[in-house]
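As provided, work38.txt (compact mmCIF, C-alpha atoms) reads as follows.
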```txt
# COMPACT_ATOMS: atom_id res chain seq x y z
CA MET A 273 34.57 15.23 25.98
CA LEU A 274 34.28 13.53 29.33
CA LEU A 275 30.53 13.24 28.83
CA ILE A 276 30.97 11.52 25.43
CA LYS A 277 33.42 9.08 26.99
CA LYS A 278 31.00 8.40 29.83
CA TYR A 279 28.04 7.67 27.53
CA THR A 280 30.20 5.57 25.20
CA ILE A 281 31.10 3.39 28.18
CA TYR A 282 27.42 3.18 29.19
CA SER A 283 26.48 2.15 25.63
CA LEU A 284 29.13 -0.55 25.56
CA VAL A 285 27.97 -1.87 28.93
CA ILE A 286 24.35 -1.98 27.66
CA ILE A 287 25.45 -3.87 24.51
CA ALA A 288 27.49 -6.29 26.64
CA ILE A 289 24.52 -6.89 28.97
CA ALA A 290 22.24 -7.47 25.95
CA ALA A 291 24.74 -9.90 24.42
CA ILE A 292 25.02 -11.83 27.70
CA PHE A 293 21.22 -11.99 28.07
CA THR A 294 20.96 -13.29 24.47
CA TYR A 295 23.79 -15.80 24.82
CA VAL A 296 22.32 -17.20 28.03
CA SER A 297 18.60 -16.99 27.26
CA ILE A 298 18.45 -18.79 23.89
CA PRO A 299 19.77 -22.14 25.23
CA ILE A 300 17.61 -21.74 28.37
CA TYR A 301 14.56 -21.10 26.24
CA LYS A 302 15.47 -24.11 24.09
CA ASN A 303 15.31 -26.28 27.20
CA ILE A 304 11.89 -24.84 28.08
CA VAL A 305 10.25 -25.44 24.70
CA THR A 306 11.84 -28.75 23.75
CA ILE A 307 10.07 -32.04 24.30
CA LYS A 308 12.24 -34.84 25.61
CA ASN A 309 11.87 -38.45 24.55
CA ASP A 310 14.56 -40.54 26.23
CA ILE A 311 17.85 -39.41 24.62
CA TRP A 312 16.08 -37.30 22.00
CA THR A 313 14.87 -33.72 22.13
CA THR A 314 12.58 -31.98 19.68
CA ILE A 315 10.92 -28.64 19.14
CA PRO A 316 7.45 -29.39 17.80
CA SER A 317 6.59 -27.59 14.57
CA ALA A 318 9.99 -25.87 14.47
CA GLY A 319 9.23 -23.67 11.44
CA ASP A 320 5.71 -22.68 12.50
CA PRO A 321 4.87 -18.97 11.94
CA LYS A 322 3.25 -18.95 15.42
CA ARG A 323 6.53 -19.86 17.14
CA SER A 324 8.04 -17.41 19.61
CA VAL A 325 10.88 -15.06 18.73
CA TYR A 326 13.17 -17.13 20.97
CA THR A 327 12.31 -20.33 19.07
CA ARG A 328 12.91 -18.53 15.77
CA ALA A 329 16.27 -17.26 17.04
CA PHE A 330 17.28 -20.71 18.25
CA ILE A 331 16.20 -22.44 15.01
CA SER A 332 18.16 -19.89 12.99
CA THR A 333 21.31 -21.08 14.77
CA GLN A 334 20.46 -24.66 13.82
CA GLY A 335 19.70 -24.42 10.11
CA LEU A 336 17.36 -21.50 9.30
CA PHE A 337 14.74 -23.27 7.14
CA ALA A 338 12.86 -25.66 9.41
CA LEU A 339 9.63 -27.34 8.39
CA SER A 340 6.51 -27.33 10.48
CA LYS A 341 3.73 -29.72 11.40
CA PRO A 342 2.45 -31.89 9.67
CA GLU A 343 5.32 -32.09 7.18
CA SER A 344 8.22 -33.03 9.40
CA VAL A 345 9.63 -33.29 12.88
CA TYR A 346 13.31 -33.24 13.87
CA PHE A 347 14.81 -35.02 16.87
CA GLU A 348 18.34 -34.49 18.11
CA ALA A 349 20.46 -36.70 20.40
CA ASN A 350 23.61 -35.36 22.02
CA ASN A 351 23.89 -38.05 24.71
CA ASP A 352 23.83 -41.84 24.98
CA ILE A 353 21.39 -43.68 27.26
CA GLU A 354 23.76 -43.07 30.20
CA GLU A 355 23.24 -39.32 29.61
CA ILE A 356 26.91 -38.94 28.64
CA SER A 357 27.78 -36.73 25.66
CA LEU A 358 28.36 -38.55 22.37
CA ASN A 359 32.08 -38.47 21.75
CA GLY A 360 33.99 -39.51 18.65
CA SER A 361 36.72 -41.18 20.70
CA LEU A 362 34.13 -43.75 21.83
CA CYS A 363 31.91 -46.21 19.92
CA TYR A 364 28.15 -46.69 20.05
CA ILE A 365 25.35 -48.81 18.64
CA LEU A 366 22.15 -47.04 17.69
CA SER A 367 19.33 -49.56 17.62
CA GLY A 368 15.63 -49.33 16.99
CA ASN A 369 12.45 -50.68 15.47
CA GLU A 370 10.51 -49.32 12.54
CA ILE A 371 9.66 -45.72 13.48
CA GLN A 372 5.90 -45.35 13.73
CA SER A 373 3.01 -44.40 15.95
CA ALA A 374 -0.27 -46.33 16.23
CA SER A 375 0.78 -48.46 13.23
CA ILE A 376 1.05 -45.37 11.02
CA ILE A 377 4.40 -45.47 9.28
CA PRO A 378 5.89 -42.08 8.34
CA ARG A 379 6.55 -41.28 4.71
CA TRP A 380 10.28 -41.60 5.36
CA TRP A 381 12.86 -40.97 8.04
CA SER A 382 16.62 -40.52 8.23
CA LEU A 383 19.45 -40.61 10.77
CA THR A 384 22.37 -38.23 10.23
CA ILE A 385 25.54 -37.56 12.22
CA TYR A 386 26.86 -34.02 12.64
CA ASN A 387 30.05 -32.58 14.03
CA ASP A 388 29.80 -30.29 17.01
CA ASP A 389 29.78 -27.33 14.59
CA GLY A 390 26.61 -28.64 12.87
CA TYR A 391 28.20 -29.87 9.63
CA LEU A 392 28.51 -33.40 8.25
CA VAL A 393 31.38 -35.54 9.48
CA GLU A 394 34.15 -36.08 6.94
CA SER A 395 33.83 -39.56 5.45
CA THR A 396 35.70 -41.08 2.53
CA GLU A 397 32.83 -43.55 2.20
CA LYS A 398 30.41 -40.61 1.68
CA GLN A 399 27.93 -42.32 4.00
CA TYR A 400 26.68 -39.47 6.15
CA SER A 401 23.26 -40.88 6.99
CA TYR A 402 20.82 -43.77 6.64
CA ASN A 403 17.21 -43.43 5.69
CA SER A 404 14.20 -45.73 5.83
CA GLU A 405 14.90 -46.93 2.28
CA ASN A 406 18.64 -47.61 2.39
CA ILE A 407 19.18 -48.87 5.93
CA ILE A 408 19.75 -52.62 6.26
CA TYR A 409 17.29 -54.22 8.67
CA ASN A 410 17.99 -57.30 10.78
CA SER A 411 15.89 -60.42 10.17
CA ASN A 412 13.64 -59.48 13.14
CA GLY A 413 12.73 -56.14 11.55
CA GLU A 414 14.93 -54.09 13.85
CA PHE A 415 17.95 -52.10 12.74
CA GLU A 416 21.36 -51.29 14.17
CA VAL A 417 23.78 -48.55 13.17
CA TYR A 418 27.35 -48.63 14.37
CA LEU A 419 28.63 -45.17 15.31
CA GLY A 420 32.41 -45.20 15.41
CA HIS A 421 35.47 -43.77 13.75
CA ARG A 422 36.25 -47.16 12.15
CA PRO A 423 33.80 -49.76 10.77
CA ASN A 424 32.58 -52.79 12.71
CA LYS A 425 32.65 -56.05 10.75
CA ASN A 426 29.54 -57.37 12.53
CA ILE A 427 27.23 -54.43 11.73
CA SER A 428 26.43 -53.47 8.15
CA ASN A 429 25.15 -49.97 8.86
CA TRP A 430 28.07 -47.74 9.82
CA LEU A 431 28.23 -44.00 10.31
CA LYS A 432 31.67 -42.55 10.76
CA THR A 433 32.07 -40.31 13.80
CA PRO A 434 34.68 -37.56 14.20
CA SER A 435 37.95 -38.91 15.59
CA GLU A 436 37.73 -37.25 19.00
CA ASP A 437 35.22 -34.44 19.08
CA LEU A 438 31.64 -34.35 20.31
CA PHE A 439 28.93 -35.14 17.79
CA SER A 440 25.15 -35.36 17.54
CA VAL A 441 22.62 -37.54 15.76
CA VAL A 442 19.58 -36.00 14.07
CA LEU A 443 16.49 -38.05 13.30
CA ARG A 444 14.20 -36.51 10.68
CA VAL A 445 10.70 -37.94 10.36
CA TYR A 446 8.62 -36.84 7.38
CA GLN A 447 4.83 -36.92 7.36
CA PRO A 448 4.57 -39.07 10.47
CA GLY A 449 0.85 -38.43 10.98
CA GLU A 450 -1.20 -36.64 13.62
CA GLU A 451 -0.91 -39.47 16.16
CA PHE A 452 2.88 -39.22 16.06
CA PHE A 453 2.82 -35.46 16.67
CA SER A 454 0.47 -36.00 19.62
CA ASN A 455 2.91 -38.43 21.21
CA LEU A 456 6.30 -36.85 20.60
CA SER A 457 7.46 -37.61 24.14
CA ARG A 458 6.29 -41.24 24.01
CA VAL A 459 6.80 -42.59 20.48
CA ASP A 460 9.26 -45.45 20.24
CA LEU A 461 12.58 -44.02 19.00
CA PRO A 462 16.03 -45.62 18.61
CA ILE A 463 18.45 -45.72 21.54
CA VAL A 464 22.20 -45.09 21.52
CA LYS A 465 24.33 -47.31 23.74
CA LYS A 466 28.09 -47.11 24.27
CA VAL A 467 30.02 -50.26 23.29
CA ASP A 468 33.67 -51.27 23.19
CA CYS A 469 35.45 -50.12 20.05
CA MET B 181 26.72 6.64 46.96
CA VAL B 182 25.83 2.91 46.99
CA LYS B 183 22.22 3.77 46.23
CA ASN B 184 23.35 5.81 43.21
CA TYR B 185 25.45 2.93 41.84
CA PHE B 186 22.57 0.52 42.36
CA LYS B 187 20.21 2.84 40.48
CA LYS B 188 22.66 3.27 37.60
CA SER B 189 23.27 -0.49 37.37
CA LEU B 190 19.54 -1.16 37.34
CA ILE B 191 19.01 1.35 34.51
CA LEU B 192 21.84 -0.25 32.49
CA ILE B 193 20.37 -3.73 33.03
CA VAL B 194 16.90 -2.57 31.95
CA PHE B 195 18.31 -0.98 28.80
CA GLY B 196 20.44 -4.09 28.22
CA PHE B 197 17.36 -6.29 28.51
CA ILE B 198 15.43 -4.13 26.03
CA LEU B 199 18.34 -4.30 23.58
CA HIS B 200 18.47 -8.07 24.16
CA LEU B 201 14.81 -8.36 23.05
CA PHE B 202 15.78 -6.47 19.91
CA PHE B 203 18.73 -8.84 19.35
CA VAL B 204 16.53 -11.93 19.74
CA ASN B 205 13.81 -10.55 17.48
CA TYR B 206 16.29 -9.85 14.71
CA PHE B 207 18.73 -12.70 15.32
CA HIS B 208 17.52 -14.51 12.17
CA VAL B 209 18.32 -11.41 10.09
CA GLY B 210 22.01 -11.81 10.88
CA MET B 211 21.90 -15.52 10.09
CA LEU B 212 20.06 -14.84 6.80
CA TRP B 213 22.63 -12.17 5.94
CA ILE B 214 25.39 -14.77 6.32
CA PHE B 215 23.40 -17.32 4.27
CA ASP B 216 22.60 -14.80 1.52
CA ARG B 217 26.24 -13.87 1.10
CA ALA B 218 27.47 -17.48 1.25
CA SER B 219 24.90 -18.67 -1.32
CA GLY B 220 24.72 -15.57 -3.53
CA ALA B 221 21.03 -15.13 -2.70
CA ASN B 222 21.49 -11.38 -2.32
CA GLU B 223 22.40 -11.09 -6.01
CA SER B 224 19.85 -13.45 -7.53
CA VAL B 225 16.13 -12.83 -7.00
CA ASN B 226 13.08 -14.33 -8.75
CA THR B 227 15.07 -17.07 -10.39
CA VAL B 228 16.30 -20.49 -9.31
CA LEU B 229 19.30 -19.62 -7.20
CA LEU B 230 20.86 -23.04 -6.92
CA HIS B 231 20.35 -26.76 -7.19
CA THR B 232 22.38 -28.75 -4.71
CA ASP B 233 23.51 -32.31 -5.02
CA THR B 234 23.15 -34.29 -1.81
CA ALA B 235 25.09 -32.63 1.00
CA ASN B 236 28.55 -33.82 2.00
CA SER B 237 31.14 -32.85 4.61
CA ASP B 238 32.26 -29.89 2.46
CA SER B 239 28.73 -28.39 2.36
CA ARG B 240 28.73 -25.09 4.24
CA GLY B 241 25.65 -23.28 2.87
CA LEU B 242 23.40 -24.23 5.76
CA LYS B 243 23.97 -25.90 9.09
CA ARG B 244 22.66 -29.44 9.54
CA PRO B 245 22.01 -30.22 5.86
CA SER B 246 20.40 -33.55 5.06
CA SER B 247 22.42 -35.89 2.86
CA ASP B 248 19.18 -37.69 1.90
CA ILE B 249 17.75 -34.64 0.17
CA MET B 250 18.61 -32.62 -2.93
CA TYR B 251 17.71 -28.98 -2.37
CA SER B 252 16.81 -26.22 -4.79
CA ILE B 253 16.16 -22.68 -3.68
CA CYS B 254 14.47 -19.70 -5.24
CA THR B 255 14.71 -16.35 -3.50
CA TYR B 256 11.78 -14.11 -4.31
CA ASP B 257 10.52 -10.56 -4.27
CA VAL B 258 6.81 -10.31 -5.04
CA GLN B 259 6.27 -6.70 -4.03
CA TYR B 260 5.32 -5.58 -7.55
CA LYS B 261 4.84 -8.76 -9.57
CA PRO B 262 3.81 -12.30 -8.70
CA LEU B 263 6.06 -15.24 -9.41
CA VAL B 264 5.17 -18.42 -11.29
CA ILE B 265 6.88 -21.54 -10.02
CA THR B 266 6.66 -24.71 -12.10
CA SER B 267 8.26 -28.11 -11.76
CA SER B 268 7.85 -31.75 -12.64
CA ILE B 269 7.12 -33.97 -9.65
CA PRO B 270 8.57 -37.44 -9.02
CA ASP B 271 6.69 -40.48 -7.70
CA SER B 272 8.72 -40.24 -4.50
CA TYR B 273 8.79 -37.56 -1.78
CA TRP B 274 9.09 -34.02 -3.13
CA SER B 275 8.10 -30.80 -1.43
CA ILE B 276 8.25 -27.07 -1.88
CA SER B 277 8.25 -24.97 1.27
CA PHE B 278 7.71 -21.24 1.37
CA TYR B 279 9.50 -19.12 3.95
CA SER B 280 8.76 -15.48 4.66
CA ASP B 281 11.52 -12.94 5.20
CA ASN B 282 11.72 -13.92 8.88
CA THR B 283 12.22 -17.64 7.99
CA ASP B 284 8.70 -18.69 9.06
CA ASN B 285 7.48 -21.70 7.05
CA TYR B 286 4.03 -20.45 6.07
CA VAL B 287 3.13 -23.05 3.40
CA THR B 288 4.46 -26.44 2.30
CA LEU B 289 3.14 -28.40 -0.66
CA ASN B 290 4.34 -31.95 -1.24
CA ASP B 291 3.96 -34.46 -4.07
CA HIS B 292 0.73 -35.79 -2.51
CA ASP B 293 -0.84 -32.31 -2.64
CA ILE B 294 -0.12 -31.81 -6.33
CA GLU B 295 -2.27 -33.22 -9.11
CA ASN B 296 -1.00 -34.56 -12.43
CA ASP B 297 2.64 -34.72 -11.27
CA TYR B 298 3.17 -31.10 -12.28
CA LEU B 299 3.48 -28.09 -10.01
CA LYS B 300 2.27 -24.66 -10.99
CA VAL B 301 2.20 -22.10 -8.20
CA TYR B 302 1.39 -18.42 -8.45
CA LEU B 303 3.26 -16.85 -5.58
CA VAL B 304 1.75 -13.47 -4.88
CA GLY B 305 2.49 -10.66 -2.47
CA VAL B 306 -0.08 -8.85 -0.39
CA ASN B 307 -0.32 -6.14 -3.06
CA SER B 308 0.63 -8.02 -6.22
CA GLU B 309 -2.31 -10.28 -6.91
CA PRO B 310 -2.55 -11.15 -10.63
CA LYS B 311 -5.66 -10.32 -12.66
CA LYS B 312 -5.98 -13.89 -13.90
CA VAL B 313 -4.48 -17.26 -13.08
CA ASN B 314 -4.66 -20.41 -15.18
CA ASN B 315 -4.51 -23.90 -13.74
CA GLY B 316 -2.42 -23.36 -10.69
CA THR B 317 -2.32 -22.97 -6.95
CA VAL B 318 -2.19 -19.46 -5.53
CA VAL B 319 0.10 -18.99 -2.54
CA VAL B 320 0.08 -15.64 -0.75
CA SER B 321 3.36 -14.59 0.80
CA PRO B 322 2.95 -12.64 4.06
CA SER B 323 6.10 -10.66 3.21
CA ASP B 324 7.32 -9.15 -0.05
CA THR B 325 10.51 -11.17 0.01
CA GLY B 326 11.27 -14.71 1.03
CA TYR B 327 12.52 -18.11 -0.03
CA ALA B 328 10.99 -21.13 -1.79
CA LEU B 329 12.89 -24.29 -0.92
CA VAL B 330 12.42 -27.57 -2.79
CA ARG B 331 13.34 -30.85 -1.12
CA ILE B 332 13.72 -34.06 -3.14
CA PHE B 333 14.19 -37.27 -1.17
CA ILE B 334 16.74 -39.55 -2.86
CA GLY B 335 15.73 -42.76 -1.03
CA ASN B 336 18.17 -45.57 -1.83
CA GLY B 337 19.71 -43.56 -4.70
CA GLU B 338 18.56 -45.93 -7.47
CA ASN B 339 16.53 -43.24 -9.20
CA LEU B 340 19.06 -40.46 -8.72
CA GLN B 341 19.54 -39.42 -12.35
CA ASN B 342 15.79 -39.15 -12.91
CA LEU B 343 15.45 -37.11 -9.72
CA LYS B 344 18.24 -34.77 -10.88
CA ASN B 345 16.39 -34.23 -14.15
CA ILE B 346 13.23 -33.42 -12.20
CA GLN B 347 15.21 -31.08 -9.97
CA LYS B 348 16.42 -29.16 -13.03
CA SER B 349 12.85 -28.76 -14.31
CA LEU B 350 12.16 -26.24 -11.50
CA SER B 351 11.48 -22.74 -12.81
CA CYS B 352 10.80 -19.48 -10.95
CA VAL B 353 9.88 -16.53 -13.20
CA GLU B 354 8.01 -13.26 -12.78
CA TYR B 355 4.41 -13.45 -13.94
CA ASN B 356 3.19 -10.87 -16.46
CA ASP B 357 -0.58 -11.06 -16.79
CA ASN B 358 -1.03 -7.91 -18.84
```

Could you show the structure in this file as structure tokens?
Amino acid sequence: MLLIKKYTIYSLVIIAIAAIFTYVSIPIYKNIVTIKNDIWTTIPSAGDPKRSVYTRAFISTQGLFALSKPESVYFEANNDIEEISLNGSLCYILSGNEIQSASIIPRWWSLTIYNDDGYLVESTEKQYSYNSENIIYNSNGEFEVYLGHRPNKNISNWLKTPSEDLFSVVLRVYQPGEEFFSNLSRVDLPIVKKVDC
Amino acid sequence: MVKNYFKKSLILIVFGFILHLFFVNYFHVGMLWIFDRASGANESVNTVLLHTDTANSDSRGLKRPSSDIMYSICTYDVQYKPLVITSSIPDSYWSISFYSDNTDNYVTLNDHDIENDYLKVYLVGVNSEPKKVNNGTVVVSPSDTGYALVRIFIGNGENLQNLKNIQKSLSCVEYNDN
């Protein structure tokens, strides 16, 4: 009886150690394999069958069915340009130029805001994202998106943020071309700057 | 005494690490299990499981859904029989991506890859190759089961009704070539 108790405790300790290793290692591995481009991070070819088991495990926490090169690439921003976490109690302007590399324009792209739990932010306006076809560009060809809990009368593109919680912005780029994939850390991507609400 | 504790701790850590490798390797299985039960995929194989409208804040099927895409999904089992997948294709971005049972994206075909605006794919397993195929693309699944996921980009939404009609044209049926 004592022996069974002893080995049950050992088994539980082993499971606990394995759980701790898993909980700690997946985010660490994410930081190793991600490419950083200013505020954005990306895992190249996220759905690729040649990816490591750690990448597969991490992607399965993010959305399960990721695409791979050359179809699409996903960038995520959790911080503004001051490296401070995006927070729904604050307001931001996301600004950028046409997303491209070496004059090759991707098939389409989109910018979407997610709650900290990975789901879309509640919005009575049902505007959860902007894409390359419905975003309103400025006269100089650039675009601005206001990220705040309430709209800004000076900026047409508005994405509602959660009232207080942390949030993230995901940029999806579809069929961006080989040149884009070769320059994931250097391609010109939008920036997110904190502004007064 | 201290040496004995150190030895025991080391053995537990080594076993814990081995179990951790097992956890990581099969982490996606747990996530797929949750997805299958939430979407009903475990009860509906070799047919179109669902067509989604664009995602909203109530969408809980998958994390990080895109609200610029309408999704359709077909869960498959091609162990004994191949599957025929057909669909109309719009002028705008459309793709079908094939995922093996470990969620690897082994093939994607988009509207630019498909001729005559009509998709016909014979999805076959390693041991279920059909005797004959007519006018279609053969895709070999590395696993007997998996998922075919269709993405339709809605753009500025002007063509939404037409895109919904195209979405509904998707068909996944078992192929009988006898």

> Quick one: of A:Leu274, A:Ile286, A:Leu366, A:Leu383, who's nearest to Phe347 of chain A, counting all atoms listed in the file?
Replying inline: A:Leu383

With the cut-off set at 12 Å and counting all atoms listed in the file, tabulate each residue of segment 355-449 of chain A with an atom at most that distance from an atom of segment 262-282 of chain B, showing the nearest atom pair and its distance in Å to one decimal, ordered by chain and increasing number, as JSON lines.
```
{"residue": "A:Pro378", "atom": "CA", "partner": "B:Tyr273", "partner_atom": "CA", "distance": 11.5}
{"residue": "A:Arg379", "atom": "CA", "partner": "B:Tyr273", "partner_atom": "CA", "distance": 7.8}
{"residue": "A:Trp380", "atom": "CA", "partner": "B:Tyr273", "partner_atom": "CA", "distance": 8.3}
{"residue": "A:Trp381", "atom": "CA", "partner": "B:Tyr273", "partner_atom": "CA", "distance": 11.2}
{"residue": "A:Glu405", "atom": "CA", "partner": "B:Ser272", "partner_atom": "CA", "distance": 11.4}
{"residue": "A:Tyr446", "atom": "CA", "partner": "B:Tyr273", "partner_atom": "CA", "distance": 9.2}
{"residue": "A:Gln447", "atom": "CA", "partner": "B:Tyr273", "partner_atom": "CA", "distance": 10.0}
```

> What are the residues of chain A that have an atom within 9 Å of an atom of chain B, counting only C-alpha atoms, as a PyMOL selection string?
Replying inline: chain A and resi 282-283+285-294+298+318-323+325-326+328-340+343+379-380+382+384+386+389-395+398-407+442+444

>> Please list as a PyMOL selection string every residue within 9 Å of Asn222 of chain B, counting all atoms listed in the file and excluding residues in the same chain fewer than 5 positions away.
In response: chain B and resi 213+216-217+255

> A:Tyr301, A:Phe439, A:Tyr295, A:Trp312: which is nearest Asp388 of chain A, counting all atoms listed in the file?
Replying inline: A:Phe439

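A straight line drawn from atom CA of Tyr302 of chain B to atom CA of Asn314 of chain B is 9.3 Å long.
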
> How far is it from atom CA of Thr234 of chain B to atom CA of Gln347 of chain B, in Å with one decimal?
Replying inline: 11.8 Å

> Can you list, as a PyMOL selection string, every protein, DNA or RNA residue that comes within 9 Å of Asn429 of chain A when you count all atoms listed in the file, leaving out same-chain residues fewer than 5 positions away?
Replying inline: chain A and resi 402+407-409+415-419+423-424

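Between Arg331 of chain B and the candidates A:Ser440, A:Ile311, A:Ile304, A:Ser344, the tightest atom-to-atom separation, counting all atoms listed in the file, involves A:Ser344.
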
> Which polymer residues, protein or nucleic acid, are no farther than 7 Å from (34.1, -45.5, 23.1), counting all atoms listed in the file, as a list of chain:residue names?
Replying inline: A:Ser361, A:Leu362, A:Cys363, A:Tyr364, A:Lys466, A:Val467, A:Asp468, A:Cys469

>> Show me the residues close to (20.3, -24.0, -7.3) - anything with an atom within 9 Å, counting all atoms listed in the file - and format the list as a ChimeraX atom specification.
In response: /B:228-232,251-254,348

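Going from atom CA of Val306 of chain B to atom CA of Val258 of chain B covers 8.4 Å.
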
Could you add whatever atoms are missing so that segment 305-317 of chain A carries N, CA and C atoms, then write the result as a PDB file, in the frame of the given file?
```
ATOM      1  N   VAL A 305      11.220 -25.075  25.747  1.00  0.00           N
ATOM      2  CA  VAL A 305      10.250 -25.440  24.700  1.00  0.00           C
ATOM      3  C   VAL A 305      10.458 -26.828  24.102  1.00  0.00           C
ATOM      4  N   THR A 306      11.616 -27.439  24.361  1.00  0.00           N
ATOM      5  CA  THR A 306      11.840 -28.750  23.750  1.00  0.00           C
ATOM      6  C   THR A 306      11.087 -29.843  24.495  1.00  0.00           C
ATOM      7  N   ILE A 307      10.703 -30.845  23.732  1.00  0.00           N
ATOM      8  CA  ILE A 307      10.070 -32.040  24.300  1.00  0.00           C
ATOM      9  C   ILE A 307      11.145 -33.113  24.347  1.00  0.00           C
ATOM     10  N   LYS A 308      11.215 -33.809  25.459  1.00  0.00           N
ATOM     11  CA  LYS A 308      12.240 -34.840  25.610  1.00  0.00           C
ATOM     12  C   LYS A 308      11.617 -36.219  25.443  1.00  0.00           C
ATOM     13  N   ASN A 309      12.297 -37.061  24.714  1.00  0.00           N
ATOM     14  CA  ASN A 309      11.870 -38.450  24.550  1.00  0.00           C
ATOM     15  C   ASN A 309      13.126 -39.297  24.695  1.00  0.00           C
ATOM     16  N   ASP A 310      13.345 -39.778  25.918  1.00  0.00           N
ATOM     17  CA  ASP A 310      14.560 -40.540  26.230  1.00  0.00           C
ATOM     18  C   ASP A 310      15.794 -39.707  25.874  1.00  0.00           C
ATOM     19  N   ILE A 311      16.636 -40.180  24.949  1.00  0.00           N
ATOM     20  CA  ILE A 311      17.850 -39.410  24.620  1.00  0.00           C
ATOM     21  C   ILE A 311      17.582 -38.283  23.639  1.00  0.00           C
ATOM     22  N   TRP A 312      16.374 -38.237  23.080  1.00  0.00           N
ATOM     23  CA  TRP A 312      16.080 -37.300  22.000  1.00  0.00           C
ATOM     24  C   TRP A 312      15.362 -36.057  22.506  1.00  0.00           C
ATOM     25  N   THR A 313      15.637 -34.941  21.851  1.00  0.00           N
ATOM     26  CA  THR A 313      14.870 -33.720  22.130  1.00  0.00           C
ATOM     27  C   THR A 313      14.318 -33.193  20.806  1.00  0.00           C
ATOM     28  N   THR A 314      13.176 -32.560  20.885  1.00  0.00           N
ATOM     29  CA  THR A 314      12.580 -31.980  19.680  1.00  0.00           C
ATOM     30  C   THR A 314      11.817 -30.714  20.005  1.00  0.00           C
ATOM     31  N   ILE A 315      11.782 -29.810  19.034  1.00  0.00           N
ATOM     32  CA  ILE A 315      10.920 -28.640  19.140  1.00  0.00           C
ATOM     33  C   ILE A 315       9.769 -28.895  18.179  1.00  0.00           C
ATOM     34  N   PRO A 316       8.553 -29.086  18.695  1.00  0.00           N
ATOM     35  CA  PRO A 316       7.450 -29.390  17.800  1.00  0.00           C
ATOM     36  C   PRO A 316       7.179 -28.242  16.833  1.00  0.00           C
ATOM     37  N   SER A 317       6.927 -28.586  15.585  1.00  0.00           N
ATOM     38  CA  SER A 317       6.590 -27.590  14.570  1.00  0.00           C
ATOM     39  C   SER A 317       7.612 -26.437  14.546  1.00  0.00           C
TER      40      SER A 317
END
```
